[in-house]
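Okay, run_30.cif now, which holds mmCIF, C-alpha atoms and all ligand atoms:
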```cif
data_model
loop_
_atom_site.label_atom_id
_atom_site.label_comp_id
_atom_site.auth_asym_id
_atom_site.auth_seq_id
_atom_site.Cartn_x
_atom_site.Cartn_y
_atom_site.Cartn_z
CA MET A 17 -74.35 4.40 -14.01
CA ALA A 18 -73.46 2.06 -11.21
CA HIS A 19 -73.01 -1.55 -12.13
CA ARG A 20 -74.27 -4.07 -9.71
CA TRP A 21 -73.40 -7.28 -11.48
CA LYS A 22 -70.17 -9.22 -10.96
CA ASN A 23 -69.03 -11.41 -13.82
CA THR A 24 -67.96 -14.86 -12.75
CA LEU A 25 -67.54 -16.47 -16.17
CA THR A 26 -64.24 -15.82 -17.90
CA ASP A 27 -63.04 -15.69 -21.50
CA ARG A 28 -62.29 -19.40 -21.24
CA ASP A 29 -66.01 -20.10 -20.83
CA VAL A 30 -67.03 -18.24 -23.94
CA THR A 31 -68.17 -20.24 -26.95
CA ASP A 32 -65.69 -19.80 -29.72
CA GLU A 33 -67.06 -17.14 -32.09
CA ALA A 34 -66.87 -19.53 -35.03
CA GLY A 35 -69.03 -21.94 -33.08
CA TRP A 36 -71.62 -19.29 -32.45
CA LEU A 37 -71.53 -18.22 -36.05
CA ASN A 38 -71.78 -21.76 -37.30
CA ARG A 39 -74.59 -22.96 -35.11
CA ARG A 40 -76.79 -23.51 -38.12
CA GLN A 41 -74.40 -26.11 -39.47
CA ILE A 42 -73.80 -27.52 -36.03
CA ILE A 43 -77.46 -28.03 -35.38
CA ALA A 44 -78.28 -29.19 -38.89
CA GLY A 45 -75.34 -31.58 -38.74
CA ALA A 46 -76.32 -32.91 -35.36
CA GLY A 47 -79.88 -33.43 -36.55
CA ALA A 48 -78.63 -35.45 -39.50
CA GLY A 49 -76.34 -37.43 -37.26
CA ILE A 50 -73.17 -36.26 -39.00
CA GLY A 51 -70.09 -36.14 -36.82
CA LEU A 52 -67.77 -33.25 -37.46
CA ALA A 53 -65.49 -31.77 -34.90
CA GLY A 54 -65.15 -34.65 -32.54
CA LEU A 55 -62.76 -34.33 -29.69
CA GLY A 56 -61.83 -30.85 -28.62
CA GLN A 57 -59.57 -29.48 -31.34
CA PRO A 58 -59.80 -28.73 -34.19
CA THR A 59 -62.52 -26.18 -33.79
CA TRP A 60 -65.38 -25.77 -36.21
CA ALA A 61 -63.53 -22.97 -37.85
CA ALA A 62 -60.96 -25.48 -38.94
CA THR A 63 -63.36 -28.27 -39.88
CA LEU A 64 -66.05 -26.27 -41.65
CA GLU A 65 -65.78 -24.07 -44.67
CA PRO A 66 -65.40 -20.50 -43.48
CA ASN A 67 -68.57 -18.52 -43.98
CA ASP A 68 -69.10 -14.86 -44.55
CA TRP A 69 -71.11 -12.82 -42.09
CA GLU A 70 -74.27 -12.94 -44.23
CA ASP A 71 -74.20 -16.67 -44.34
CA ILE A 72 -73.15 -17.53 -40.86
CA THR A 73 -75.71 -15.59 -38.87
CA SER A 74 -78.43 -17.47 -40.62
CA TYR A 75 -80.03 -19.64 -37.99
CA ASN A 76 -82.38 -17.40 -36.06
CA ASN A 77 -85.85 -17.03 -34.69
CA TYR A 78 -87.26 -13.67 -35.67
CA TYR A 79 -90.74 -14.37 -36.96
CA GLU A 80 -91.29 -10.85 -38.23
CA PHE A 81 -88.98 -11.90 -41.05
CA GLY A 82 -90.52 -15.32 -41.52
CA THR A 83 -90.79 -18.56 -39.58
CA GLY A 84 -87.93 -20.37 -41.32
CA LYS A 85 -84.61 -20.42 -39.51
CA ASP A 86 -82.89 -18.76 -42.43
CA ASP A 87 -85.61 -16.20 -43.16
CA PRO A 88 -84.27 -13.59 -40.72
CA ALA A 89 -80.84 -13.64 -42.31
CA ARG A 90 -82.40 -13.26 -45.74
CA HIS A 91 -84.79 -10.44 -44.88
CA ALA A 92 -83.53 -8.63 -41.80
CA HIS A 93 -81.32 -6.32 -43.84
CA MET A 94 -84.55 -4.56 -44.84
CA LEU A 95 -85.00 -3.26 -41.31
CA THR A 96 -83.85 0.34 -40.84
CA THR A 97 -82.20 0.58 -37.45
CA GLN A 98 -81.00 4.17 -37.69
CA PRO A 99 -82.43 6.42 -36.42
CA TRP A 100 -84.05 4.43 -33.63
CA SER A 101 -85.96 5.50 -30.61
CA VAL A 102 -87.54 3.70 -27.70
CA GLN A 103 -90.81 4.90 -26.26
CA ILE A 104 -90.68 4.55 -22.48
CA ASP A 105 -94.06 5.13 -20.88
CA GLY A 106 -96.60 4.01 -18.31
CA LEU A 107 -95.70 4.37 -14.66
CA VAL A 108 -92.55 6.47 -15.11
CA ASP A 109 -91.75 10.06 -14.13
CA ARG A 110 -90.09 10.92 -17.45
CA PRO A 111 -92.08 9.25 -20.23
CA GLY A 112 -91.13 9.92 -23.82
CA ALA A 113 -89.30 8.87 -26.93
CA TYR A 114 -85.69 8.12 -26.02
CA ASP A 115 -83.27 8.35 -28.92
CA PHE A 116 -81.04 5.28 -29.17
CA GLU A 117 -77.86 7.35 -29.57
CA ASP A 118 -78.77 9.42 -26.50
CA ILE A 119 -79.37 6.28 -24.51
CA MET A 120 -76.00 4.91 -25.60
CA ALA A 121 -74.28 8.16 -24.65
CA ARG A 122 -75.66 7.90 -21.14
CA MET A 123 -75.03 4.22 -20.53
CA THR A 124 -71.82 2.44 -19.75
CA VAL A 125 -71.85 -0.27 -22.35
CA GLU A 126 -69.60 -2.98 -21.10
CA GLU A 127 -68.94 -6.52 -22.04
CA ARG A 128 -71.06 -9.00 -20.21
CA ILE A 129 -70.46 -12.66 -20.62
CA TYR A 130 -73.52 -14.78 -20.33
CA ARG A 131 -74.42 -18.34 -20.88
CA PHE A 132 -77.10 -18.19 -23.45
CA ARG A 133 -79.72 -20.69 -24.43
CA CYS A 134 -82.53 -20.92 -26.87
CA VAL A 135 -85.64 -23.08 -27.03
CA GLU A 136 -83.89 -25.67 -29.16
CA ALA A 137 -82.04 -26.76 -26.04
CA TRP A 138 -78.49 -25.91 -26.82
CA ALA A 139 -76.19 -24.12 -24.52
CA MET A 140 -73.41 -21.71 -25.15
CA VAL A 141 -71.69 -18.76 -23.66
CA VAL A 142 -71.96 -15.56 -25.61
CA PRO A 143 -70.29 -12.24 -24.78
CA TRP A 144 -72.92 -9.56 -25.03
CA ASN A 145 -72.26 -5.87 -24.90
CA GLY A 146 -74.98 -3.92 -23.29
CA PHE A 147 -76.25 -2.19 -20.22
CA GLU A 148 -78.50 -3.13 -17.39
CA LEU A 149 -82.19 -2.67 -18.05
CA ALA A 150 -82.38 -1.27 -14.50
CA ASP A 151 -80.23 1.69 -15.56
CA LEU A 152 -82.60 2.51 -18.40
CA LEU A 153 -85.63 2.21 -16.15
CA GLU A 154 -84.01 4.45 -13.57
CA MET A 155 -83.24 6.97 -16.29
CA ALA A 156 -86.94 7.12 -17.07
CA GLY A 157 -87.83 7.32 -13.39
CA VAL A 158 -89.81 4.14 -12.92
CA ARG A 159 -92.37 4.59 -10.18
CA PRO A 160 -92.81 2.39 -7.11
CA ALA A 161 -96.34 1.51 -8.22
CA ALA A 162 -94.99 -0.30 -11.29
CA ARG A 163 -95.05 -4.09 -10.85
CA TYR A 164 -94.23 -5.27 -14.37
CA ILE A 165 -92.38 -4.10 -17.45
CA SER A 166 -93.70 -4.83 -20.90
CA PHE A 167 -91.71 -4.71 -24.14
CA GLU A 168 -92.71 -4.34 -27.74
CA THR A 169 -90.81 -5.03 -30.97
CA VAL A 170 -90.98 -2.65 -33.91
CA LEU A 171 -93.75 -3.49 -36.36
CA ARG A 172 -93.07 -2.40 -39.93
CA PRO A 173 -94.83 -4.57 -42.49
CA ASP A 174 -92.92 -2.83 -45.30
CA GLU A 175 -89.63 -3.94 -43.82
CA MET A 176 -90.75 -7.14 -42.13
CA PRO A 177 -92.35 -9.53 -44.61
CA GLY A 178 -93.26 -12.10 -41.94
CA THR A 179 -95.69 -9.67 -40.30
CA ARG A 180 -97.97 -9.92 -43.33
CA TYR A 181 -98.93 -13.35 -42.01
CA PRO A 182 -100.50 -14.10 -38.64
CA ALA A 183 -97.72 -16.42 -37.45
CA LEU A 184 -97.94 -14.55 -34.17
CA ASP A 185 -100.16 -11.73 -32.99
CA TRP A 186 -98.10 -8.65 -33.96
CA PRO A 187 -96.34 -6.76 -32.58
CA TYR A 188 -94.15 -9.24 -30.69
CA VAL A 189 -94.48 -8.48 -26.99
CA GLU A 190 -92.77 -9.68 -23.84
CA GLY A 191 -92.89 -8.95 -20.15
CA LEU A 192 -90.99 -9.27 -16.91
CA ARG A 193 -91.97 -8.86 -13.31
CA MET A 194 -90.38 -5.73 -11.82
CA ASP A 195 -87.84 -7.57 -9.68
CA GLU A 196 -86.77 -9.59 -12.74
CA ALA A 197 -86.50 -6.43 -14.80
CA MET A 198 -84.40 -4.69 -12.14
CA HIS A 199 -82.11 -7.69 -11.65
CA PRO A 200 -78.50 -6.92 -12.65
CA LEU A 201 -78.39 -10.00 -14.90
CA THR A 202 -81.15 -8.53 -17.07
CA ILE A 203 -79.56 -6.51 -19.83
CA MET A 204 -80.42 -4.62 -22.96
CA ALA A 205 -77.85 -5.95 -25.43
CA THR A 206 -76.49 -3.74 -28.18
CA GLY A 207 -73.49 -5.81 -29.28
CA ILE A 208 -72.20 -9.32 -29.51
CA TYR A 209 -68.59 -10.52 -29.75
CA GLY A 210 -67.63 -6.86 -29.68
CA ARG A 211 -69.64 -5.93 -32.78
CA ASP A 212 -73.03 -4.36 -33.24
CA ILE A 213 -75.81 -6.92 -33.07
CA PRO A 214 -76.73 -8.13 -36.56
CA ASN A 215 -80.31 -7.20 -37.52
CA GLN A 216 -81.45 -10.81 -37.43
CA ASN A 217 -80.32 -11.04 -33.82
CA GLY A 218 -82.34 -7.98 -32.82
CA ALA A 219 -80.55 -4.75 -33.69
CA PRO A 220 -80.20 -2.18 -32.39
CA LEU A 221 -81.18 -3.33 -28.94
CA ARG A 222 -82.74 -6.45 -27.51
CA LEU A 223 -83.46 -7.89 -24.14
CA VAL A 224 -81.31 -10.70 -22.69
CA VAL A 225 -82.47 -12.53 -19.57
CA PRO A 226 -79.98 -15.34 -19.13
CA TRP A 227 -81.94 -17.50 -16.69
CA LYS A 228 -84.94 -17.68 -19.03
CA TYR A 229 -85.56 -19.43 -22.34
CA GLY A 230 -84.43 -17.62 -25.46
CA PHE A 231 -87.87 -16.53 -26.59
CA LYS A 232 -88.04 -14.06 -23.68
CA SER A 233 -85.22 -12.17 -25.39
CA ILE A 234 -87.36 -9.79 -27.39
CA LYS A 235 -85.60 -8.21 -30.36
CA SER A 236 -85.50 -4.69 -31.82
CA VAL A 237 -87.34 -3.11 -28.92
CA VAL A 238 -89.26 0.13 -29.58
CA ARG A 239 -91.43 0.39 -26.53
CA ILE A 240 -90.96 -0.27 -22.82
CA THR A 241 -93.92 0.26 -20.52
CA ALA A 242 -94.05 0.18 -16.73
CA THR A 243 -97.38 -1.19 -15.61
CA ASP A 244 -99.19 -2.49 -12.54
CA THR A 245 -100.68 -5.54 -14.29
CA GLN A 246 -99.00 -8.62 -15.75
CA PRO A 247 -98.57 -7.93 -19.46
CA PRO A 248 -99.32 -10.40 -22.27
CA THR A 249 -96.40 -12.17 -23.93
CA SER A 250 -96.35 -13.35 -27.53
CA TRP A 251 -95.66 -17.05 -27.00
CA ASN A 252 -98.04 -17.29 -24.09
CA LYS A 253 -100.76 -15.74 -26.25
CA ALA A 254 -99.95 -18.19 -29.04
CA ASN A 255 -99.91 -21.28 -26.83
CA ALA A 256 -100.51 -20.80 -23.12
CA ARG A 257 -100.22 -24.51 -22.37
CA GLU A 258 -96.68 -24.64 -23.70
CA TYR A 259 -95.31 -21.22 -22.82
CA GLY A 260 -95.88 -19.52 -19.51
CA PHE A 261 -95.23 -15.95 -18.47
CA TYR A 262 -92.09 -16.78 -16.50
CA SER A 263 -90.33 -19.20 -18.86
CA ASN A 264 -87.51 -19.79 -16.44
CA VAL A 265 -85.02 -22.43 -17.46
CA ASN A 266 -86.13 -25.32 -15.31
CA PRO A 267 -85.13 -28.95 -15.90
CA GLU A 268 -87.97 -30.10 -13.68
CA VAL A 269 -90.72 -28.58 -15.77
CA ASP A 270 -90.93 -30.23 -19.17
CA HIS A 271 -92.31 -28.54 -22.22
CA PRO A 272 -95.46 -30.59 -23.04
CA ARG A 273 -93.79 -31.92 -26.17
CA TRP A 274 -90.20 -32.45 -25.07
CA SER A 275 -87.98 -32.89 -22.05
CA GLN A 276 -85.94 -29.94 -20.94
CA ALA A 277 -83.74 -31.94 -18.62
CA SER A 278 -80.64 -31.87 -20.79
CA GLU A 279 -79.09 -29.73 -23.48
CA ARG A 280 -76.46 -30.04 -26.15
CA VAL A 281 -73.37 -27.98 -25.55
CA ILE A 282 -72.31 -25.95 -28.56
CA GLY A 283 -68.55 -26.15 -28.82
CA SER A 284 -68.12 -29.62 -27.38
CA GLY A 285 -68.07 -31.42 -30.71
CA LEU A 286 -71.04 -32.84 -32.48
CA PHE A 287 -71.76 -35.94 -30.59
CA ALA A 288 -71.66 -33.74 -28.19
CA ARG A 289 -71.64 -33.63 -24.72
CA ARG A 290 -75.13 -33.28 -23.45
CA GLN A 291 -75.21 -31.71 -20.08
CA ASP A 292 -77.91 -31.64 -17.49
CA THR A 293 -79.87 -28.47 -17.82
CA LEU A 294 -79.13 -26.35 -14.81
CA MET A 295 -81.85 -24.77 -12.77
CA PHE A 296 -82.21 -21.15 -13.86
CA ASN A 297 -79.54 -21.88 -16.48
CA GLY A 298 -76.92 -21.97 -13.74
CA TYR A 299 -77.89 -18.66 -12.17
CA ILE A 300 -79.59 -20.29 -9.23
CA ASP A 301 -77.68 -18.35 -6.58
CA ASP A 302 -78.49 -15.10 -8.33
CA VAL A 303 -82.16 -15.51 -9.04
CA ALA A 304 -83.67 -18.29 -6.92
CA PRO A 305 -84.64 -15.77 -4.21
CA LEU A 306 -86.95 -14.04 -6.72
CA TYR A 307 -89.13 -17.14 -6.83
CA ALA A 308 -88.98 -18.26 -3.21
CA GLY A 309 -92.26 -19.82 -2.19
CA MET A 310 -93.68 -19.93 -5.72
CA ASP A 311 -94.90 -23.19 -7.25
CA LEU A 312 -92.81 -23.18 -10.42
CA THR A 313 -94.79 -26.00 -11.99
CA LYS A 314 -97.77 -23.67 -11.90
CA PHE A 315 -95.89 -20.45 -12.66
CA PHE A 316 -93.75 -21.81 -15.50
N1 LIG A 401 -88.12 -11.30 -30.89
C1 LIG A 401 -88.96 -10.97 -31.88
N2 LIG A 401 -89.32 -9.69 -32.03
N3 LIG A 401 -89.47 -11.89 -32.73
C2 LIG A 401 -89.17 -13.21 -32.61
O1 LIG A 401 -89.67 -14.04 -33.39
N4 LIG A 401 -87.94 -14.93 -31.36
C3 LIG A 401 -87.50 -15.30 -30.00
C4 LIG A 401 -86.49 -14.31 -29.43
N5 LIG A 401 -86.89 -12.94 -29.72
C5 LIG A 401 -88.29 -13.61 -31.56
C6 LIG A 401 -87.75 -12.60 -30.72
C7 LIG A 401 -86.97 -16.65 -29.94
S1 LIG A 401 -88.09 -17.91 -30.14
C8 LIG A 401 -85.64 -16.90 -29.70
S2 LIG A 401 -85.10 -18.50 -29.44
C9 LIG A 401 -84.65 -15.80 -29.68
O2 LIG A 401 -85.22 -14.55 -30.02
C10 LIG A 401 -83.54 -16.13 -30.68
O3 LIG A 401 -82.53 -15.17 -30.64
P1 LIG A 401 -81.25 -15.37 -31.59
O4 LIG A 401 -81.71 -15.40 -33.00
O5 LIG A 401 -80.36 -14.18 -31.32
O6 LIG A 401 -80.63 -16.65 -31.18
#
```

Taking this structure as input, can you express it in the form of C-alpha cells?
Ligand code: MTE
Amino acid sequence: MAHRWKNTLTDRDVTDEAGWLNRRQIIAGAGAGIGLAGLGQPTWAATLEPNDWEDITSYNNYYEFGTGKDDPARHAHMLTTQPWSVQIDGLVDRPGAYDFEDIMARMTVEERIYRFRCVEAWAMVVPWNGFELADLLEMAGVRPAARYISFETVLRPDEMPGTRYPALDWPYVEGLRMDEAMHPLTIMATGIYGRDIPNQNGAPLRLVVPWKYGFKSIKSVVRITATDTQPPTSWNKANAREYGFYSNVNPEVDHPRWSQASERVIGSGLFARRQDTLMFNGYIDDVAPLYAGMDLTKFF
C-alpha cells in the first residue's frame, strides 16, 4: 500500500524505552514530589530498579480490566488475542470479518514515530509500528457516502473483569470524522518499540491519532463501521461536558476541571520540564486544515 506520511521526528526525539516503561514510577514519583533523575543523564534505567515486562507496563487506562491504573497489567493477560478478526461493515463495498493475520499480510507495517500523549497531560514520543487506517478502509472499499468511522473494542466479560461493572457503557466505542480517519497520521498500531503491543496497551491492534487526547486511542478493536452519522464515543457518553467528540489537543480549551495549557515531558527528569502544550500536539501544519472555520471551543 502507498504510504502518504513523511516522518519528521527522528530517533533522537523518541522517549527512551525505559522511560516509557517506567512511566508509572515517574508519574507516581512526580505526584509525591520525589526528585529522581534530575539533569539529563543518568536515565531512569540507571536510577530506578530495573523492572520486568509484567511490572513495567503497569500504568494504563483500559477500563475493561478495571479502573485502577494497575488493573490492566494485572488482568489483561486473560484476553485471548489469537485468533483475532475485525468486522468491517456499514458503508463499504467489501464488508466482512477480516482476519488479523490476513490484514497484517496485506499491510506494510512500518515504524512510525509519534509524539504521544494521554489525558494525564504528559508528553512523550513513542515509536509505534502499524499501518495507516486509510489503507484498511480502502481495502474494505469505503464508500463516498461514508462521513464517519466508528470503532468498537472487544467485549468479553469472561476475560475482562472490569466489564462486569458499569464504569463505562460497554463496549468501549470511538469515532472519527472521515477526513480524520483517512489522514495519514491516523494509524492502527500493532507494535511498540519494535515488539507486539502488550495486551494492556490494546493488543492486537489499536487506534492511534496523535493530535488527539489519548482516550481517542481505542484498544483491541473488533469492529470498524463506516457510517453517515456522527457515532457515539464512550467518554462523551459518560460525560459530554468534559469530553467532546473531537478531543483535539488544544491548549486553549481547558478541561472543565484542569488546565490543558502545559504538560510534563517524560524523559526530562522529574522536576521536569513542563512545556507548553502545542496546538494539535504539534501537528498543526498537518491537521489544522481539517478544522478550518470550525469553532473549536464549541467542537472540542
Ligand atoms: N480503549 C479501551 N477499549 N478502553 C479504555 O478504557 N482507555 C483510553 C484509551 N483507549 C481505554 C481505551 C484512555 S483514557 C487512554 S489515556 C489510552 O487508551 C491509554 O493508552 P495506554 O495505556 O497505551 O497509554

Between A:Ile129, A:Ala113, A:Leu25, A:Leu171, which residue has the minimum interatomic distance to ligand LIG 401 (chain A), considering all atoms listed in the file? A:Leu171

Between CA of Tyr259 in chain A and CA of Arg273 in chain A, what is the distance, to one decimal in Å?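 Atom-to-atom, CA of Tyr259 in chain A to CA of Arg273 in chain A, that is 11.3 Å.
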
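If all atoms listed in the file are the atoms counted, then among A:Gly35, A:Pro214, A:Gly106, A:Pro143 the closest residue to ligand LIG 401 (chain A) is A:Pro214.
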
Pick out the residues no farther than 7 Å from ligand LIG 401 (chain A), counting all atoms listed in the file, and list them as a PyMOL selection string. chain A and resi 75-80+134-135+169+188+216-218+230-236

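Closest approach to Val108 in chain A from the set A:Ala197, A:Leu149, A:Val125, A:Ala242 is made by A:Ala242, with distances taken over only C-alpha atoms.
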
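Candidate residues A:Ser101, A:Glu154, A:Phe132, A:Ile203 were compared for distance to Trp36 in chain A, and the nearest is A:Phe132, using only C-alpha atoms.
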
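Computed from the coordinates, the CA of Tyr181 in chain A to CA of Thr97 in chain A distance equals 22.2 Å.
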
What is the distance, in Å and to one decimal place, between CA of His199 in chain A and CA of Glu148 in chain A?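 These two atoms are separated by 8.2 Å.
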
Taking (-80.1, -10.6, -12.9) in the file's coordinates, which residues come within 9 Å, counting only C-alpha atoms, written as a PyMOL selection string? chain A and resi 21+148+195-203+225-227+299+302-303

Hey, what's within 10 Å of Ala219 in chain A if we count all atoms listed in the file and toss same-chain stuff fewer than 3 positions away? As JSON, numbers by chain, please? {"A": [92, 95, 96, 97, 98, 100, 205, 206, 207, 212, 213, 214, 215, 216, 222, 235, 236, 237]}

Among the residues A:Val102, A:Met155, A:Ala304, A:Met295, the one that comes closest to Glu117 in chain A [using only C-alpha atoms]: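 The shortest atom-to-atom distance to Glu117 in chain A comes from A:Val102.
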
For a quick check of understanding, using only C-alpha atoms, which of A:Glu126, A:Ala183, A:Phe116, A:Asp109 has the smallest distance to Gly84 in chain A? A:Ala183

Write out as a PyMOL selection string each polymer residue whose atoms come within 7 Å of Met123 in chain A, counting only C-alpha atoms; drop sequence neighbours fewer than 2 positions from it. chain A and resi 17+119-121+125+147

Take the residues from that selection and put them in a file with C-alpha atoms, as a PDB file, in the coordinates of the input.
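Final output, part34.pdb:
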```
ATOM      1  CA  MET A  17     -74.350   4.400 -14.010  1.00  0.00           C
ATOM      2  CA  ILE A 119     -79.370   6.280 -24.510  1.00  0.00           C
ATOM      3  CA  MET A 120     -76.000   4.910 -25.600  1.00  0.00           C
ATOM      4  CA  ALA A 121     -74.280   8.160 -24.650  1.00  0.00           C
ATOM      5  CA  VAL A 125     -71.850  -0.270 -22.350  1.00  0.00           C
ATOM      6  CA  PHE A 147     -76.250  -2.190 -20.220  1.00  0.00           C
TER       7      PHE A 147
END
```

Return the padded bounding box of range 87-99 of chain A as AutoDock Vina command-line options: axis-aligned, built from all atoms listed in the file, 3 Å added on each side, with centre and edge lengths in Å to one decimal.
```
--center_x -83.2 --center_y -4.9 --center_z -41.1 --size_x 10.8 --size_y 28.6 --size_z 15.3
```

Report as a PyMOL selection string all protein, DNA and RNA residues lying within 7 Å of Arg163 in chain A, evaluated on all atoms listed in the file, omitting residues in the same chain fewer than 3 positions from it. chain A and resi 193-194+243-245

Show me, as a ChimeraX atom specification, the residues that have an atom within 8 Å of Ser250 in chain A when counting all atoms listed in the file, minus same-chain residues fewer than 3 positions from it. /A:184-185,188-190,253-254
